[in-house]
Amino acid sequence: MAKTLSVEATWEGDYRCRVQTGTTELIIDEPVSAGGGGAGPQPTEVFLASLASCFALAVHHVARKRDLTLPDLSVRAVGEYDGPKFVTLRLEVSSSLPAEQLQPLLARAAAVCYVSNTLRAVNEVEVVVAPRV
């Protein structure tokens, strides 16, 4: 059965939003150089953070199932812009675990990472007017 997850962003003026995620609030703001106040990460940084952190947790998950420890695991998400969108996304996974042991974990991690799976599966983002409550 499908589950639903939602977050809500409330505009606070200029290029700043407060995002409620259930237990946490985030401030999303454009940098000063782009007309924002720089009070938090910009939306594209949050997008890349979602991808990098989800993949890092997925690599940890599959390593743990194989009794492998990755104390120094890091994942860097790099996006290349072309107009108002990313045209390429790259995940750079690093760890002191030898590459020949790390590489097989990546395919399994890709299979369980919600964010990368969503990016591969969704062709369109539906935008609708919601009734005010």
# chains A, B, ... in the order shown; residues from 1 in each chain; ligands from 1

$ residues_around --residues "A:Pro31" --least-positions-apart "5" --cutoff "12 Å" --atoms "only C-alpha atoms" --output "list of chain:residue names"
A:Asp14, A:Tyr15, A:Arg16, A:Gly36, A:Gly37, A:Gly38, A:Ala39, A:Gly40, A:Pro41, A:Gln42, A:Pro43, A:Thr44, A:Glu45

$ residues_around --residues "stretch 118-120 of chain A" --least-positions-apart "2" --cutoff "12 Å" --atoms "only C-alpha atoms" --output "PyMOL selection string"
chain A and resi 47-48+50-51+54+86+88-89+110-116+122-125

$ write_last_selection --atoms "C-alpha atoms" --output "mmCIF file, in the first residue's frame"
data_model
loop_
_atom_site.group_PDB
_atom_site.id
_atom_site.type_symbol
_atom_site.label_atom_id
_atom_site.label_comp_id
_atom_site.auth_asym_id
_atom_site.auth_seq_id
_atom_site.Cartn_x
_atom_site.Cartn_y
_atom_site.Cartn_z
ATOM 1 C CA PHE A 47 17.525 19.107 -3.508
ATOM 2 C CA LEU A 48 21.162 18.001 -3.816
ATOM 3 C CA SER A 50 18.280 15.147 -0.280
ATOM 4 C CA LEU A 51 19.925 13.125 -3.021
ATOM 5 C CA CYS A 54 19.457 9.508 0.897
ATOM 6 C CA PHE A 86 19.909 20.479 -13.642
ATOM 7 C CA THR A 88 23.304 16.229 -15.061
ATOM 8 C CA LEU A 89 23.503 14.854 -11.552
ATOM 9 C CA ALA A 110 20.642 2.684 -5.895
ATOM 10 C CA ALA A 111 17.870 0.106 -5.646
ATOM 11 C CA VAL A 112 16.786 1.321 -2.174
ATOM 12 C CA CYS A 113 17.417 5.076 -2.357
ATOM 13 C CA TYR A 114 14.009 6.788 -2.478
ATOM 14 C CA VAL A 115 15.326 10.036 -3.927
ATOM 15 C CA SER A 116 17.347 8.603 -6.829
ATOM 16 C CA VAL A 122 8.840 10.675 -12.265
ATOM 17 C CA ASN A 123 8.306 12.290 -15.656
ATOM 18 C CA GLU A 124 6.194 15.209 -14.528
ATOM 19 C CA VAL A 125 5.462 17.226 -11.411
#

$ select_by_dssp --residues "stretch 38-121 of chain A" --states "strand (DSSP E or B)" --output "list in words"
Ser74, Val75, Arg76, Ala77, Val78, Gly79, Glu80, Tyr81, Phe86, Val87, Thr88, Leu89, Arg90, Leu91, Glu92, Val93 and Ser94 of chain A

$ write_last_selection --atoms "N, CA and C atoms" --output "PDB file, in the first residue's frame"
ATOM      1  N   SER A  74      31.162   9.155   2.748  1.00  0.00           N
ATOM      2  CA  SER A  74      30.600  10.455   2.371  1.00  0.00           C
ATOM      3  C   SER A  74      30.108  10.368   0.930  1.00  0.00           C
ATOM      4  N   VAL A  75      29.060  11.118   0.670  1.00  0.00           N
ATOM      5  CA  VAL A  75      28.495  11.180  -0.677  1.00  0.00           C
ATOM      6  C   VAL A  75      28.325  12.648  -1.031  1.00  0.00           C
ATOM      7  N   ARG A  76      28.880  13.015  -2.144  1.00  0.00           N
ATOM      8  CA  ARG A  76      28.779  14.390  -2.642  1.00  0.00           C
ATOM      9  C   ARG A  76      27.879  14.374  -3.867  1.00  0.00           C
ATOM     10  N   ALA A  77      26.853  15.213  -3.870  1.00  0.00           N
ATOM     11  CA  ALA A  77      25.977  15.349  -5.035  1.00  0.00           C
ATOM     12  C   ALA A  77      26.392  16.596  -5.802  1.00  0.00           C
ATOM     13  N   VAL A  78      26.602  16.441  -7.095  1.00  0.00           N
ATOM     14  CA  VAL A  78      27.013  17.543  -7.957  1.00  0.00           C
ATOM     15  C   VAL A  78      25.985  17.668  -9.075  1.00  0.00           C
ATOM     16  N   GLY A  79      25.431  18.856  -9.218  1.00  0.00           N
ATOM     17  CA  GLY A  79      24.473  19.095 -10.285  1.00  0.00           C
ATOM     18  C   GLY A  79      24.992  20.167 -11.224  1.00  0.00           C
ATOM     19  N   GLU A  80      24.793  19.949 -12.520  1.00  0.00           N
ATOM     20  CA  GLU A  80      25.197  20.940 -13.521  1.00  0.00           C
ATOM     21  C   GLU A  80      23.941  21.597 -14.081  1.00  0.00           C
ATOM     22  N   TYR A  81      23.892  22.927 -13.979  1.00  0.00           N
ATOM     23  CA  TYR A  81      22.753  23.706 -14.454  1.00  0.00           C
ATOM     24  C   TYR A  81      22.808  23.927 -15.960  1.00  0.00           C
ATOM     25  N   PHE A  86      18.671  21.247 -13.574  1.00  0.00           N
ATOM     26  CA  PHE A  86      19.909  20.479 -13.642  1.00  0.00           C
ATOM     27  C   PHE A  86      19.820  19.582 -14.869  1.00  0.00           C
ATOM     28  N   VAL A  87      20.897  19.505 -15.628  1.00  0.00           N
ATOM     29  CA  VAL A  87      20.922  18.622 -16.794  1.00  0.00           C
ATOM     30  C   VAL A  87      21.718  17.357 -16.502  1.00  0.00           C
ATOM     31  N   THR A  88      22.595  17.427 -15.506  1.00  0.00           N
ATOM     32  CA  THR A  88      23.304  16.229 -15.061  1.00  0.00           C
ATOM     33  C   THR A  88      23.381  16.238 -13.540  1.00  0.00           C
ATOM     34  N   LEU A  89      23.319  15.058 -12.987  1.00  0.00           N
ATOM     35  CA  LEU A  89      23.503  14.854 -11.552  1.00  0.00           C
ATOM     36  C   LEU A  89      24.535  13.749 -11.392  1.00  0.00           C
ATOM     37  N   ARG A  90      25.458  13.938 -10.462  1.00  0.00           N
ATOM     38  CA  ARG A  90      26.496  12.926 -10.224  1.00  0.00           C
ATOM     39  C   ARG A  90      26.645  12.749  -8.725  1.00  0.00           C
ATOM     40  N   LEU A  91      26.716  11.499  -8.309  1.00  0.00           N
ATOM     41  CA  LEU A  91      26.986  11.178  -6.913  1.00  0.00           C
ATOM     42  C   LEU A  91      28.404  10.653  -6.814  1.00  0.00           C
ATOM     43  N   GLU A  92      29.195  11.272  -5.955  1.00  0.00           N
ATOM     44  CA  GLU A  92      30.581  10.851  -5.733  1.00  0.00           C
ATOM     45  C   GLU A  92      30.649  10.224  -4.347  1.00  0.00           C
ATOM     46  N   VAL A  93      30.824   8.911  -4.308  1.00  0.00           N
ATOM     47  CA  VAL A  93      30.830   8.156  -3.056  1.00  0.00           C
ATOM     48  C   VAL A  93      32.272   7.877  -2.676  1.00  0.00           C
ATOM     49  N   SER A  94      32.638   8.217  -1.428  1.00  0.00           N
ATOM     50  CA  SER A  94      34.005   7.926  -0.993  1.00  0.00           C
ATOM     51  C   SER A  94      33.990   7.280   0.386  1.00  0.00           C
TER      52      SER A  94
END

$ closest_residue --among "A:Glu25, A:Glu100, A:Asp72, A:Ala109" --to "A:Val59" --atoms "only C-alpha atoms"
A:Ala109

$ atom_distance --atom1 "atom CA of A:Val62" --atom2 "atom CA of A:Arg108"
6.6 Å

$ decode --residues "stretch 21-113 of chain A" --atoms "C-alpha atoms" --output "PDB file, in the first residue's frame"
ATOM      1  CA  THR A  21       8.715  18.688   7.954  1.00  0.00           C
ATOM      2  CA  GLY A  22       6.813  17.110  10.808  1.00  0.00           C
ATOM      3  CA  THR A  23       9.417  17.384  13.555  1.00  0.00           C
ATOM      4  CA  THR A  24      11.781  19.953  12.080  1.00  0.00           C
ATOM      5  CA  GLU A  25      11.626  23.402  10.593  1.00  0.00           C
ATOM      6  CA  LEU A  26      14.003  24.528   7.880  1.00  0.00           C
ATOM      7  CA  ILE A  27      14.653  28.006   6.560  1.00  0.00           C
ATOM      8  CA  ILE A  28      15.188  28.030   2.815  1.00  0.00           C
ATOM      9  CA  ASP A  29      16.618  31.247   1.411  1.00  0.00           C
ATOM     10  CA  GLU A  30      18.486  32.365  -1.646  1.00  0.00           C
ATOM     11  CA  PRO A  31      22.008  33.734  -1.131  1.00  0.00           C
ATOM     12  CA  VAL A  32      22.453  37.489  -0.790  1.00  0.00           C
ATOM     13  CA  SER A  33      24.050  37.555  -4.253  1.00  0.00           C
ATOM     14  CA  ALA A  34      20.739  36.276  -5.711  1.00  0.00           C
ATOM     15  CA  GLY A  35      18.531  38.728  -3.804  1.00  0.00           C
ATOM     16  CA  GLY A  36      17.889  36.595  -0.726  1.00  0.00           C
ATOM     17  CA  GLY A  37      19.012  36.995   2.844  1.00  0.00           C
ATOM     18  CA  GLY A  38      21.274  33.939   2.988  1.00  0.00           C
ATOM     19  CA  ALA A  39      19.512  32.666   6.134  1.00  0.00           C
ATOM     20  CA  GLY A  40      19.557  29.059   4.942  1.00  0.00           C
ATOM     21  CA  PRO A  41      20.347  26.839   1.999  1.00  0.00           C
ATOM     22  CA  GLN A  42      18.805  27.607  -1.362  1.00  0.00           C
ATOM     23  CA  PRO A  43      16.235  25.155  -2.802  1.00  0.00           C
ATOM     24  CA  THR A  44      18.684  23.562  -5.229  1.00  0.00           C
ATOM     25  CA  GLU A  45      21.120  22.885  -2.378  1.00  0.00           C
ATOM     26  CA  VAL A  46      18.325  21.203  -0.422  1.00  0.00           C
ATOM     27  CA  PHE A  47      17.525  19.107  -3.508  1.00  0.00           C
ATOM     28  CA  LEU A  48      21.162  18.001  -3.816  1.00  0.00           C
ATOM     29  CA  ALA A  49      21.325  17.433  -0.038  1.00  0.00           C
ATOM     30  CA  SER A  50      18.280  15.147  -0.280  1.00  0.00           C
ATOM     31  CA  LEU A  51      19.925  13.125  -3.021  1.00  0.00           C
ATOM     32  CA  ALA A  52      23.332  12.885  -1.301  1.00  0.00           C
ATOM     33  CA  SER A  53      21.980  12.071   2.151  1.00  0.00           C
ATOM     34  CA  CYS A  54      19.457   9.508   0.897  1.00  0.00           C
ATOM     35  CA  PHE A  55      22.166   7.733  -1.083  1.00  0.00           C
ATOM     36  CA  ALA A  56      24.582   7.817   1.874  1.00  0.00           C
ATOM     37  CA  LEU A  57      21.940   6.219   4.098  1.00  0.00           C
ATOM     38  CA  ALA A  58      21.206   3.634   1.398  1.00  0.00           C
ATOM     39  CA  VAL A  59      24.922   2.715   1.111  1.00  0.00           C
ATOM     40  CA  HIS A  60      25.110   2.422   4.906  1.00  0.00           C
ATOM     41  CA  HIS A  61      21.988   0.215   4.877  1.00  0.00           C
ATOM     42  CA  VAL A  62      23.312  -2.256   2.306  1.00  0.00           C
ATOM     43  CA  ALA A  63      26.788  -2.308   3.917  1.00  0.00           C
ATOM     44  CA  ARG A  64      25.284  -3.037   7.327  1.00  0.00           C
ATOM     45  CA  LYS A  65      23.292  -5.963   5.900  1.00  0.00           C
ATOM     46  CA  ARG A  66      26.664  -7.381   4.794  1.00  0.00           C
ATOM     47  CA  ASP A  67      28.305  -6.709   8.184  1.00  0.00           C
ATOM     48  CA  LEU A  68      30.495  -3.987   6.682  1.00  0.00           C
ATOM     49  CA  THR A  69      31.232  -0.756   8.534  1.00  0.00           C
ATOM     50  CA  LEU A  70      31.792   2.508   6.685  1.00  0.00           C
ATOM     51  CA  PRO A  71      32.763   5.012   9.409  1.00  0.00           C
ATOM     52  CA  ASP A  72      34.079   7.559   6.920  1.00  0.00           C
ATOM     53  CA  LEU A  73      31.442   7.244   4.196  1.00  0.00           C
ATOM     54  CA  SER A  74      30.600  10.455   2.371  1.00  0.00           C
ATOM     55  CA  VAL A  75      28.495  11.180  -0.677  1.00  0.00           C
ATOM     56  CA  ARG A  76      28.779  14.390  -2.642  1.00  0.00           C
ATOM     57  CA  ALA A  77      25.977  15.349  -5.035  1.00  0.00           C
ATOM     58  CA  VAL A  78      27.013  17.543  -7.957  1.00  0.00           C
ATOM     59  CA  GLY A  79      24.473  19.095 -10.285  1.00  0.00           C
ATOM     60  CA  GLU A  80      25.197  20.940 -13.521  1.00  0.00           C
ATOM     61  CA  TYR A  81      22.753  23.706 -14.454  1.00  0.00           C
ATOM     62  CA  ASP A  82      21.467  24.566 -17.895  1.00  0.00           C
ATOM     63  CA  GLY A  83      18.792  27.205 -17.565  1.00  0.00           C
ATOM     64  CA  PRO A  84      16.307  26.623 -14.752  1.00  0.00           C
ATOM     65  CA  LYS A  85      17.145  22.942 -14.314  1.00  0.00           C
ATOM     66  CA  PHE A  86      19.909  20.479 -13.642  1.00  0.00           C
ATOM     67  CA  VAL A  87      20.922  18.622 -16.794  1.00  0.00           C
ATOM     68  CA  THR A  88      23.304  16.229 -15.061  1.00  0.00           C
ATOM     69  CA  LEU A  89      23.503  14.854 -11.552  1.00  0.00           C
ATOM     70  CA  ARG A  90      26.496  12.926 -10.224  1.00  0.00           C
ATOM     71  CA  LEU A  91      26.986  11.178  -6.913  1.00  0.00           C
ATOM     72  CA  GLU A  92      30.581  10.851  -5.733  1.00  0.00           C
ATOM     73  CA  VAL A  93      30.830   8.156  -3.056  1.00  0.00           C
ATOM     74  CA  SER A  94      34.005   7.926  -0.993  1.00  0.00           C
ATOM     75  CA  SER A  95      35.164   5.720   1.847  1.00  0.00           C
ATOM     76  CA  SER A  96      38.345   4.089   3.063  1.00  0.00           C
ATOM     77  CA  LEU A  97      36.721   0.751   2.178  1.00  0.00           C
ATOM     78  CA  PRO A  98      38.582  -0.514  -0.913  1.00  0.00           C
ATOM     79  CA  ALA A  99      36.866   0.386  -4.181  1.00  0.00           C
ATOM     80  CA  GLU A 100      36.404  -3.278  -5.114  1.00  0.00           C
ATOM     81  CA  GLN A 101      34.325  -3.732  -1.927  1.00  0.00           C
ATOM     82  CA  LEU A 102      32.530  -0.393  -2.170  1.00  0.00           C
ATOM     83  CA  GLN A 103      31.517  -0.612  -5.846  1.00  0.00           C
ATOM     84  CA  PRO A 104      29.138  -3.611  -5.472  1.00  0.00           C
ATOM     85  CA  LEU A 105      27.313  -1.769  -2.681  1.00  0.00           C
ATOM     86  CA  LEU A 106      26.435   1.130  -4.982  1.00  0.00           C
ATOM     87  CA  ALA A 107      24.076  -0.811  -7.255  1.00  0.00           C
ATOM     88  CA  ARG A 108      22.229  -2.193  -4.239  1.00  0.00           C
ATOM     89  CA  ALA A 109      22.094   1.277  -2.676  1.00  0.00           C
ATOM     90  CA  ALA A 110      20.642   2.684  -5.895  1.00  0.00           C
ATOM     91  CA  ALA A 111      17.870   0.106  -5.646  1.00  0.00           C
ATOM     92  CA  VAL A 112      16.786   1.321  -2.174  1.00  0.00           C
ATOM     93  CA  CYS A 113      17.417   5.076  -2.357  1.00  0.00           C
TER      94      CYS A 113
END
